[in-house]
Amino acid sequence: MSRHVAIVTDSTAYLPPRTRERHGITTVPLTVVLGGQALDEGTEISTRSLAQALQKRRPVTTSRPSPQLFAETYREVAASGATGIVSLHLSGELSGTYDAAVCAAREAPVPVRVVDTGMVAMALGFCALTAAETAESGGTMDEAVTAAEKRAAGTAAYFYVDTLDYLRRGGRIGTAQALLGSALAVKPLLQLEGGRIELLEKVRTATRAIARLEEIVAERAGSAPVDVAVHHLAAADRASALAERLRGRVPGLADLHVSEVGAVIGAHTGPGLLGVVVSPR
């Protein structure tokens with residue numbers, strides 16, 4: 001067995017499978033409850049099934065992984081030869097995943113550092129990737145945590161949704177903000193701020209909102225080397241078109257990822273989601 005610092009994250013990181021495999025990143029799934037059935041994100045429910053359920057207004061809820069699942073994961077990772085584990089997760093403001101991981105870490109057979117990145121989607125994924133690269137180069141647990149936290153501090157996530165209703169139902173945005181958007185018939189642009197979803201701007205049309213999203217991302221990226229991820233739910237054409245435009249507007253673009261979000265984030269944003277993560281290297 002090789003001795004190493006291992007990286008664990010959760011299914012909302014949305015790292016490409018090949019990237020996870022190449023860097024040996026272990027993923028713990030969150031759960032989506034659809035029609036009374038609990039399904040693991042990433043393996044037991046497709047985003048297409050989720051989008052269809054949301055469009056039919058079927059009730060969809062999400063839940064964190066259990067501390068027991070984290071404990072099993074930590075034992076398995078330790079058995080593979082890990083001398084320590086860095087466990088990086090989505091914002092504690094959005095989910096109890098971090099708390100479950102902390103609970104399990106107390107009983108782990110090797111030291112575990114649990115980090116609330118304050119991020120989600122590829123904003124979290126880039127943090128996990130940076131931690132893995134640090135560990136691969138011989139870095140300690142502390143060095144991997146520091147690298148991930150530095151990456152998180154410089155990363156921004158912006159997104160457009162067709163309606164705030166899904167975020168309101170899931171308690172991820174205030175009712176007052178959601179009702180304001182509906183009353184004014186505006187298209188909302190949001191951002192991750194302090195680990196929470198905050199209303200950034202209100203724009204009159206979807207076309208203008210997406211154009212404004214592009215402007216914000218280009219301004220944030222500047223000319224320094226950055227990685228960018230474009231996410232969507234049931235909006236593949238929109239996402240591809242936006243990604244192509246960003247190729248021409250972000251001079252320091254290093255890697256560009258385009259992917260559909262998983263069921264957990266999709267359940268809280270609804271079909272039509274278009275999100276962009278900007279992460280300086």
# chains A, B, ... in the order shown; residues from 1 in each chain; ligands from 1
call {"tool": "residues_around", "arguments": {"residues": "segment 28-36 of chain A", "least_positions_apart": "6", "cutoff": "9 Å", "atoms": "only C-alpha atoms", "output": "PyMOL selection string"}}
result
chain A and resi 8-12+42-43+45+50+53+58-66+69-70+73+97+263-264+267
call {"tool": "write_last_selection", "arguments": {"atoms": "N, CA and C atoms", "output": "PDB file, in the first residue's frame"}}
result
ATOM      1  N   VAL A   8     -10.868  13.644   0.162  1.00  0.00           N
ATOM      2  CA  VAL A   8     -12.269  13.258   0.092  1.00  0.00           C
ATOM      3  C   VAL A   8     -13.094  14.509  -0.147  1.00  0.00           C
ATOM      4  N   THR A   9     -14.103  14.410  -0.984  1.00  0.00           N
ATOM      5  CA  THR A   9     -15.037  15.515  -1.167  1.00  0.00           C
ATOM      6  C   THR A   9     -16.450  14.942  -1.262  1.00  0.00           C
ATOM      7  N   ASP A  10     -17.405  15.751  -1.658  1.00  0.00           N
ATOM      8  CA  ASP A  10     -18.765  15.234  -1.784  1.00  0.00           C
ATOM      9  C   ASP A  10     -19.255  15.384  -3.218  1.00  0.00           C
ATOM     10  N   SER A  11     -20.407  14.817  -3.494  1.00  0.00           N
ATOM     11  CA  SER A  11     -20.877  14.710  -4.872  1.00  0.00           C
ATOM     12  C   SER A  11     -21.245  16.039  -5.506  1.00  0.00           C
ATOM     13  N   THR A  12     -21.368  17.108  -4.701  1.00  0.00           N
ATOM     14  CA  THR A  12     -21.698  18.405  -5.298  1.00  0.00           C
ATOM     15  C   THR A  12     -20.485  19.107  -5.894  1.00  0.00           C
ATOM     16  N   GLY A  42     -25.405  11.177  -8.434  1.00  0.00           N
ATOM     17  CA  GLY A  42     -24.284  10.738  -9.255  1.00  0.00           C
ATOM     18  C   GLY A  42     -24.369   9.306  -9.735  1.00  0.00           C
ATOM     19  N   THR A  43     -25.149   8.468  -9.039  1.00  0.00           N
ATOM     20  CA  THR A  43     -25.221   7.060  -9.448  1.00  0.00           C
ATOM     21  C   THR A  43     -26.648   6.547  -9.588  1.00  0.00           C
ATOM     22  N   ILE A  45     -29.656   8.668  -9.675  1.00  0.00           N
ATOM     23  CA  ILE A  45     -30.642   9.571 -10.271  1.00  0.00           C
ATOM     24  C   ILE A  45     -29.965  10.427 -11.319  1.00  0.00           C
ATOM     25  N   LEU A  50     -34.473  14.255 -12.874  1.00  0.00           N
ATOM     26  CA  LEU A  50     -34.741  15.344 -11.949  1.00  0.00           C
ATOM     27  C   LEU A  50     -35.470  16.489 -12.640  1.00  0.00           C
ATOM     28  N   ALA A  53     -39.036  15.752 -13.240  1.00  0.00           N
ATOM     29  CA  ALA A  53     -39.813  15.788 -12.002  1.00  0.00           C
ATOM     30  C   ALA A  53     -40.111  17.221 -11.585  1.00  0.00           C
ATOM     31  N   ARG A  58     -43.288  17.787  -9.133  1.00  0.00           N
ATOM     32  CA  ARG A  58     -43.250  16.722  -8.144  1.00  0.00           C
ATOM     33  C   ARG A  58     -42.340  17.132  -6.998  1.00  0.00           C
ATOM     34  N   PRO A  59     -42.656  16.775  -5.766  1.00  0.00           N
ATOM     35  CA  PRO A  59     -41.812  17.178  -4.629  1.00  0.00           C
ATOM     36  C   PRO A  59     -40.440  16.513  -4.680  1.00  0.00           C
ATOM     37  N   VAL A  60     -39.409  17.317  -4.539  1.00  0.00           N
ATOM     38  CA  VAL A  60     -38.036  16.831  -4.533  1.00  0.00           C
ATOM     39  C   VAL A  60     -37.313  17.478  -3.351  1.00  0.00           C
ATOM     40  N   THR A  61     -36.682  16.678  -2.531  1.00  0.00           N
ATOM     41  CA  THR A  61     -35.893  17.204  -1.424  1.00  0.00           C
ATOM     42  C   THR A  61     -34.496  16.595  -1.470  1.00  0.00           C
ATOM     43  N   THR A  62     -33.589  17.166  -0.690  1.00  0.00           N
ATOM     44  CA  THR A  62     -32.222  16.661  -0.643  1.00  0.00           C
ATOM     45  C   THR A  62     -31.806  16.480   0.809  1.00  0.00           C
ATOM     46  N   SER A  63     -30.816  15.636   1.030  1.00  0.00           N
ATOM     47  CA  SER A  63     -30.302  15.446   2.385  1.00  0.00           C
ATOM     48  C   SER A  63     -28.809  15.162   2.348  1.00  0.00           C
ATOM     49  N   ARG A  64     -28.161  15.475   3.455  1.00  0.00           N
ATOM     50  CA  ARG A  64     -26.720  15.276   3.579  1.00  0.00           C
ATOM     51  C   ARG A  64     -26.371  13.794   3.689  1.00  0.00           C
ATOM     52  N   PRO A  65     -25.105  13.434   3.478  1.00  0.00           N
ATOM     53  CA  PRO A  65     -24.674  12.067   3.788  1.00  0.00           C
ATOM     54  C   PRO A  65     -24.719  11.869   5.309  1.00  0.00           C
ATOM     55  N   SER A  66     -24.918  10.673   5.741  1.00  0.00           N
ATOM     56  CA  SER A  66     -24.945  10.392   7.179  1.00  0.00           C
ATOM     57  C   SER A  66     -23.517  10.355   7.736  1.00  0.00           C
ATOM     58  N   LEU A  69     -21.932   7.064   6.885  1.00  0.00           N
ATOM     59  CA  LEU A  69     -21.360   6.917   5.547  1.00  0.00           C
ATOM     60  C   LEU A  69     -19.976   7.546   5.490  1.00  0.00           C
ATOM     61  N   PHE A  70     -19.814   8.703   6.106  1.00  0.00           N
ATOM     62  CA  PHE A  70     -18.483   9.312   6.164  1.00  0.00           C
ATOM     63  C   PHE A  70     -17.509   8.420   6.926  1.00  0.00           C
ATOM     64  N   THR A  73     -16.397   5.654   4.769  1.00  0.00           N
ATOM     65  CA  THR A  73     -15.490   6.157   3.734  1.00  0.00           C
ATOM     66  C   THR A  73     -14.097   6.394   4.300  1.00  0.00           C
ATOM     67  N   THR A  97     -23.671  18.736   5.400  1.00  0.00           N
ATOM     68  CA  THR A  97     -22.627  17.770   5.024  1.00  0.00           C
ATOM     69  C   THR A  97     -21.360  17.957   5.848  1.00  0.00           C
ATOM     70  N   ALA A 263     -28.090  16.283  -9.372  1.00  0.00           N
ATOM     71  CA  ALA A 263     -29.466  16.402  -8.913  1.00  0.00           C
ATOM     72  C   ALA A 263     -29.616  17.256  -7.664  1.00  0.00           C
ATOM     73  N   VAL A 264     -28.603  17.290  -6.797  1.00  0.00           N
ATOM     74  CA  VAL A 264     -28.735  18.048  -5.550  1.00  0.00           C
ATOM     75  C   VAL A 264     -28.831  19.543  -5.822  1.00  0.00           C
ATOM     76  N   ALA A 267     -32.002  20.402  -7.886  1.00  0.00           N
ATOM     77  CA  ALA A 267     -33.256  20.411  -7.145  1.00  0.00           C
ATOM     78  C   ALA A 267     -33.550  21.767  -6.529  1.00  0.00           C
TER      79      ALA A 267
END
call {"tool": "closest_atom_pairs", "arguments": {"of": "segment 97-154 of chain A", "to": "segment 229-241 of chain A", "cutoff": "9 Å", "atoms": "only C-alpha atoms", "output": "Markdown table"}}
result
| residue | atom | partner | partner_atom | distance |
| --- | --- | --- | --- | --- |
| A:Ala121 | CA | A:His231 | CA | 8.2 |
| A:Met122 | CA | A:Ala229 | CA | 6.4 |
| A:Ala123 | CA | A:Ala229 | CA | 8.2 |
call {"tool": "write_last_selection", "arguments": {"atoms": "C-alpha atoms", "output": "PDB file, in the first residue's frame"}}
result
ATOM      1  CA  ALA A 121     -20.139  22.792  -7.716  1.00  0.00           C
ATOM      2  CA  MET A 122     -16.791  23.246  -9.496  1.00  0.00           C
ATOM      3  CA  ALA A 123     -15.949  26.054  -7.060  1.00  0.00           C
TER       4      ALA A 123
END
call {"tool": "residues_around", "arguments": {"residues": "Glu214 of chain A", "least_positions_apart": "5", "cutoff": "12 Å", "atoms": "only C-alpha atoms", "output": "list in words"}}
result
Tyr158, Phe159, Tyr160, Leu189, Thr207, Arg208, Ala209, Glu219, Arg220, Ala221, Val228, Val230, Arg238, Ala239, Ala241, Leu242, Ala243, Glu244, Arg245, Leu246, Arg247, Gly248, Arg249, Val250, Leu274, Gly275, Val276, Val277 and Val278 of chain A
call {"tool": "select_by_dssp", "arguments": {"residues": "segment 44-277 of chain A", "states": "alpha helix (DSSP H)", "output": "VMD selection string"}}
result
chain A and resid 47 to 55 67 to 79 97 to 105 122 to 136 141 to 154 165 to 169 175 to 183 206 to 221 236 to 249 263 to 269
call {"tool": "atom_distance", "arguments": {"atom1": "atom CA of Ser259 of chain A", "atom2": "atom CA of Val102 of chain A"}}
result
29.4 Å
call {"tool": "select_by_dssp", "arguments": {"residues": "segment 42-202 of chain A", "states": "strand (DSSP E)", "output": "ChimeraX atom specification"}}
result
/A:60-63,82-89,112-116,156-160,187-193,196-202
call {"tool": "closest_residue", "arguments": {"among": "A:Ala157, A:Val217, A:Val258, A:Ala51", "to": "Gly194 of chain A", "atoms": "only C-alpha atoms"}}
result
A:Ala157
call {"tool": "residues_around", "arguments": {"residues": "Glu193 of chain A", "least_positions_apart": "3", "cutoff": "10 Å", "atoms": "only C-alpha atoms", "output": "PyMOL selection string"}}
result
chain A and resi 118-119+156-158+190+196-200
call {"tool": "write_last_selection", "arguments": {"atoms": "N, CA and C atoms", "output": "JSON list (two decimals), in the first residue's frame"}}
result
[["chain", "number", "residue", "atom", "x", "y", "z"],
["A", 118, "GLY", "N", -17.00, 26.77, 1.83],
["A", 118, "GLY", "CA", -17.89, 27.88, 1.50],
["A", 118, "GLY", "C", -18.30, 27.87, 0.04],
["A", 119, "MET", "N", -17.99, 26.81, -0.67],
["A", 119, "MET", "CA", -18.19, 26.72, -2.11],
["A", 119, "MET", "C", -19.17, 25.60, -2.45],
["A", 156, "ALA", "N", -14.82, 32.64, -7.40],
["A", 156, "ALA", "CA", -16.15, 33.25, -7.40],
["A", 156, "ALA", "C", -17.11, 32.39, -8.20],
["A", 157, "ALA", "N", -18.35, 32.37, -7.78],
["A", 157, "ALA", "CA", -19.38, 31.60, -8.48],
["A", 157, "ALA", "C", -20.60, 32.48, -8.69],
["A", 158, "TYR", "N", -21.05, 32.55, -9.94],
["A", 158, "TYR", "CA", -22.21, 33.36, -10.31],
["A", 158, "TYR", "C", -23.19, 32.47, -11.06],
["A", 190, "LEU", "N", -27.35, 35.63, -9.36],
["A", 190, "LEU", "CA", -26.98, 35.37, -7.98],
["A", 190, "LEU", "C", -25.50, 35.08, -7.87],
["A", 196, "ARG", "N", -23.16, 31.70, 1.27],
["A", 196, "ARG", "CA", -24.60, 31.78, 1.07],
["A", 196, "ARG", "C", -24.91, 32.23, -0.36],
["A", 197, "ILE", "N", -26.14, 31.94, -0.79],
["A", 197, "ILE", "CA", -26.61, 32.39, -2.09],
["A", 197, "ILE", "C", -27.24, 33.76, -1.91],
["A", 198, "GLU", "N", -26.68, 34.75, -2.60],
["A", 198, "GLU", "CA", -27.16, 36.12, -2.48],
["A", 198, "GLU", "C", -27.58, 36.66, -3.84],
["A", 199, "LEU", "N", -28.61, 37.48, -3.82],
["A", 199, "LEU", "CA", -29.05, 38.13, -5.05],
["A", 199, "LEU", "C", -28.03, 39.19, -5.43],
["A", 200, "LEU", "N", -27.50, 39.10, -6.65],
["A", 200, "LEU", "CA", -26.48, 40.03, -7.12],
["A", 200, "LEU", "C", -27.08, 41.17, -7.93]]
call {"tool": "residues_around", "arguments": {"residues": "Thr269 of chain A", "least_positions_apart": "5", "cutoff": "8 Å", "atoms": "only C-alpha atoms", "output": "PyMOL selection string"}}
result
chain A and resi 161+163-164+166-167
call {"tool": "closest_residue", "arguments": {"among": "A:Leu129, A:Glu93, A:Lys202, A:Ala218", "to": "Tyr14 of chain A", "atoms": "only C-alpha atoms"}}
result
A:Leu129
call {"tool": "closest_residue", "arguments": {"among": "A:Val226, A:Leu124, A:Ala71, A:Ala152", "to": "Arg106 of chain A", "atoms": "only C-alpha atoms"}}
result
A:Ala71
call {"tool": "closest_residue", "arguments": {"among": "A:Thr117, A:Arg18, A:His89, A:His4", "to": "Lys150 of chain A", "atoms": "only C-alpha atoms"}}
result
A:Thr117
call {"tool": "residues_around", "arguments": {"residues": "Ala147 of chain A", "least_positions_apart": "5", "cutoff": "12 Å", "atoms": "only C-alpha atoms", "output": "PDB file with N, CA and C atoms, in the first residue's frame"}}
result
ATOM      1  N   VAL A  86      -7.786  14.768   3.999  1.00  0.00           N
ATOM      2  CA  VAL A  86      -8.336  16.115   3.929  1.00  0.00           C
ATOM      3  C   VAL A  86      -9.709  15.992   3.275  1.00  0.00           C
ATOM      4  N   LEU A  88     -13.011  17.837   2.048  1.00  0.00           N
ATOM      5  CA  LEU A  88     -13.426  19.170   1.609  1.00  0.00           C
ATOM      6  C   LEU A  88     -14.878  19.153   1.148  1.00  0.00           C
ATOM      7  N   VAL A 115     -12.886  20.486   6.022  1.00  0.00           N
ATOM      8  CA  VAL A 115     -12.870  21.889   5.614  1.00  0.00           C
ATOM      9  C   VAL A 115     -14.213  22.278   5.017  1.00  0.00           C
ATOM     10  N   THR A 117     -15.487  24.666   2.669  1.00  0.00           N
ATOM     11  CA  THR A 117     -14.890  25.547   1.666  1.00  0.00           C
ATOM     12  C   THR A 117     -15.727  26.797   1.419  1.00  0.00           C
ATOM     13  N   PHE A 126     -12.606  22.677  -7.800  1.00  0.00           N
ATOM     14  CA  PHE A 126     -11.271  23.244  -7.979  1.00  0.00           C
ATOM     15  C   PHE A 126     -10.479  23.200  -6.671  1.00  0.00           C
ATOM     16  N   CYS A 127     -11.156  23.400  -5.527  1.00  0.00           N
ATOM     17  CA  CYS A 127     -10.485  23.307  -4.230  1.00  0.00           C
ATOM     18  C   CYS A 127      -9.981  21.892  -3.982  1.00  0.00           C
ATOM     19  N   ALA A 128     -10.817  20.907  -4.267  1.00  0.00           N
ATOM     20  CA  ALA A 128     -10.432  19.514  -4.079  1.00  0.00           C
ATOM     21  C   ALA A 128      -9.277  19.137  -4.998  1.00  0.00           C
ATOM     22  N   LEU A 129      -9.332  19.624  -6.222  1.00  0.00           N
ATOM     23  CA  LEU A 129      -8.265  19.331  -7.183  1.00  0.00           C
ATOM     24  C   LEU A 129      -6.941  19.934  -6.732  1.00  0.00           C
ATOM     25  N   THR A 130      -6.966  21.157  -6.239  1.00  0.00           N
ATOM     26  CA  THR A 130      -5.747  21.805  -5.754  1.00  0.00           C
ATOM     27  C   THR A 130      -5.171  21.064  -4.555  1.00  0.00           C
ATOM     28  N   ALA A 131      -6.042  20.632  -3.649  1.00  0.00           N
ATOM     29  CA  ALA A 131      -5.569  19.865  -2.498  1.00  0.00           C
ATOM     30  C   ALA A 131      -4.926  18.554  -2.939  1.00  0.00           C
ATOM     31  N   ALA A 132      -5.540  17.890  -3.922  1.00  0.00           N
ATOM     32  CA  ALA A 132      -4.998  16.625  -4.423  1.00  0.00           C
ATOM     33  C   ALA A 132      -3.636  16.826  -5.083  1.00  0.00           C
ATOM     34  N   GLU A 133      -3.509  17.878  -5.860  1.00  0.00           N
ATOM     35  CA  GLU A 133      -2.227  18.153  -6.520  1.00  0.00           C
ATOM     36  C   GLU A 133      -1.139  18.462  -5.495  1.00  0.00           C
ATOM     37  N   THR A 134      -1.514  19.157  -4.426  1.00  0.00           N
ATOM     38  CA  THR A 134      -0.554  19.451  -3.358  1.00  0.00           C
ATOM     39  C   THR A 134      -0.106  18.172  -2.671  1.00  0.00           C
ATOM     40  N   ALA A 135      -1.053  17.293  -2.378  1.00  0.00           N
ATOM     41  CA  ALA A 135      -0.721  16.023  -1.738  1.00  0.00           C
ATOM     42  C   ALA A 135       0.144  15.154  -2.639  1.00  0.00           C
ATOM     43  N   GLY A 139       3.017  17.165  -0.387  1.00  0.00           N
ATOM     44  CA  GLY A 139       2.553  18.093   0.633  1.00  0.00           C
ATOM     45  C   GLY A 139       1.916  17.400   1.820  1.00  0.00           C
ATOM     46  N   THR A 140       1.990  18.043   2.957  1.00  0.00           N
ATOM     47  CA  THR A 140       1.379  17.522   4.176  1.00  0.00           C
ATOM     48  C   THR A 140      -0.122  17.831   4.192  1.00  0.00           C
ATOM     49  N   MET A 141      -0.819  17.323   5.204  1.00  0.00           N
ATOM     50  CA  MET A 141      -2.231  17.644   5.355  1.00  0.00           C
ATOM     51  C   MET A 141      -2.429  19.152   5.493  1.00  0.00           C
ATOM     52  N   ASP A 142      -1.608  19.779   6.327  1.00  0.00           N
ATOM     53  CA  ASP A 142      -1.738  21.225   6.521  1.00  0.00           C
ATOM     54  C   ASP A 142      -1.506  21.983   5.226  1.00  0.00           C
ATOM     55  N   ALA A 152     -10.086  28.587  -2.572  1.00  0.00           N
ATOM     56  CA  ALA A 152     -11.465  28.992  -2.286  1.00  0.00           C
ATOM     57  C   ALA A 152     -11.582  30.498  -2.130  1.00  0.00           C
ATOM     58  N   ALA A 153     -10.595  31.104  -1.475  1.00  0.00           N
ATOM     59  CA  ALA A 153     -10.646  32.550  -1.213  1.00  0.00           C
ATOM     60  C   ALA A 153     -10.644  33.365  -2.500  1.00  0.00           C
ATOM     61  N   GLY A 154     -10.013  32.828  -3.555  1.00  0.00           N
ATOM     62  CA  GLY A 154      -9.941  33.568  -4.807  1.00  0.00           C
ATOM     63  C   GLY A 154     -11.023  33.207  -5.813  1.00  0.00           C
ATOM     64  N   ARG A 281      -5.684  30.527 -10.699  1.00  0.00           N
ATOM     65  CA  ARG A 281      -4.725  29.478 -10.338  1.00  0.00           C
ATOM     66  C   ARG A 281      -3.727  29.980  -9.296  1.00  0.00           C
TER      67      ARG A 281
END
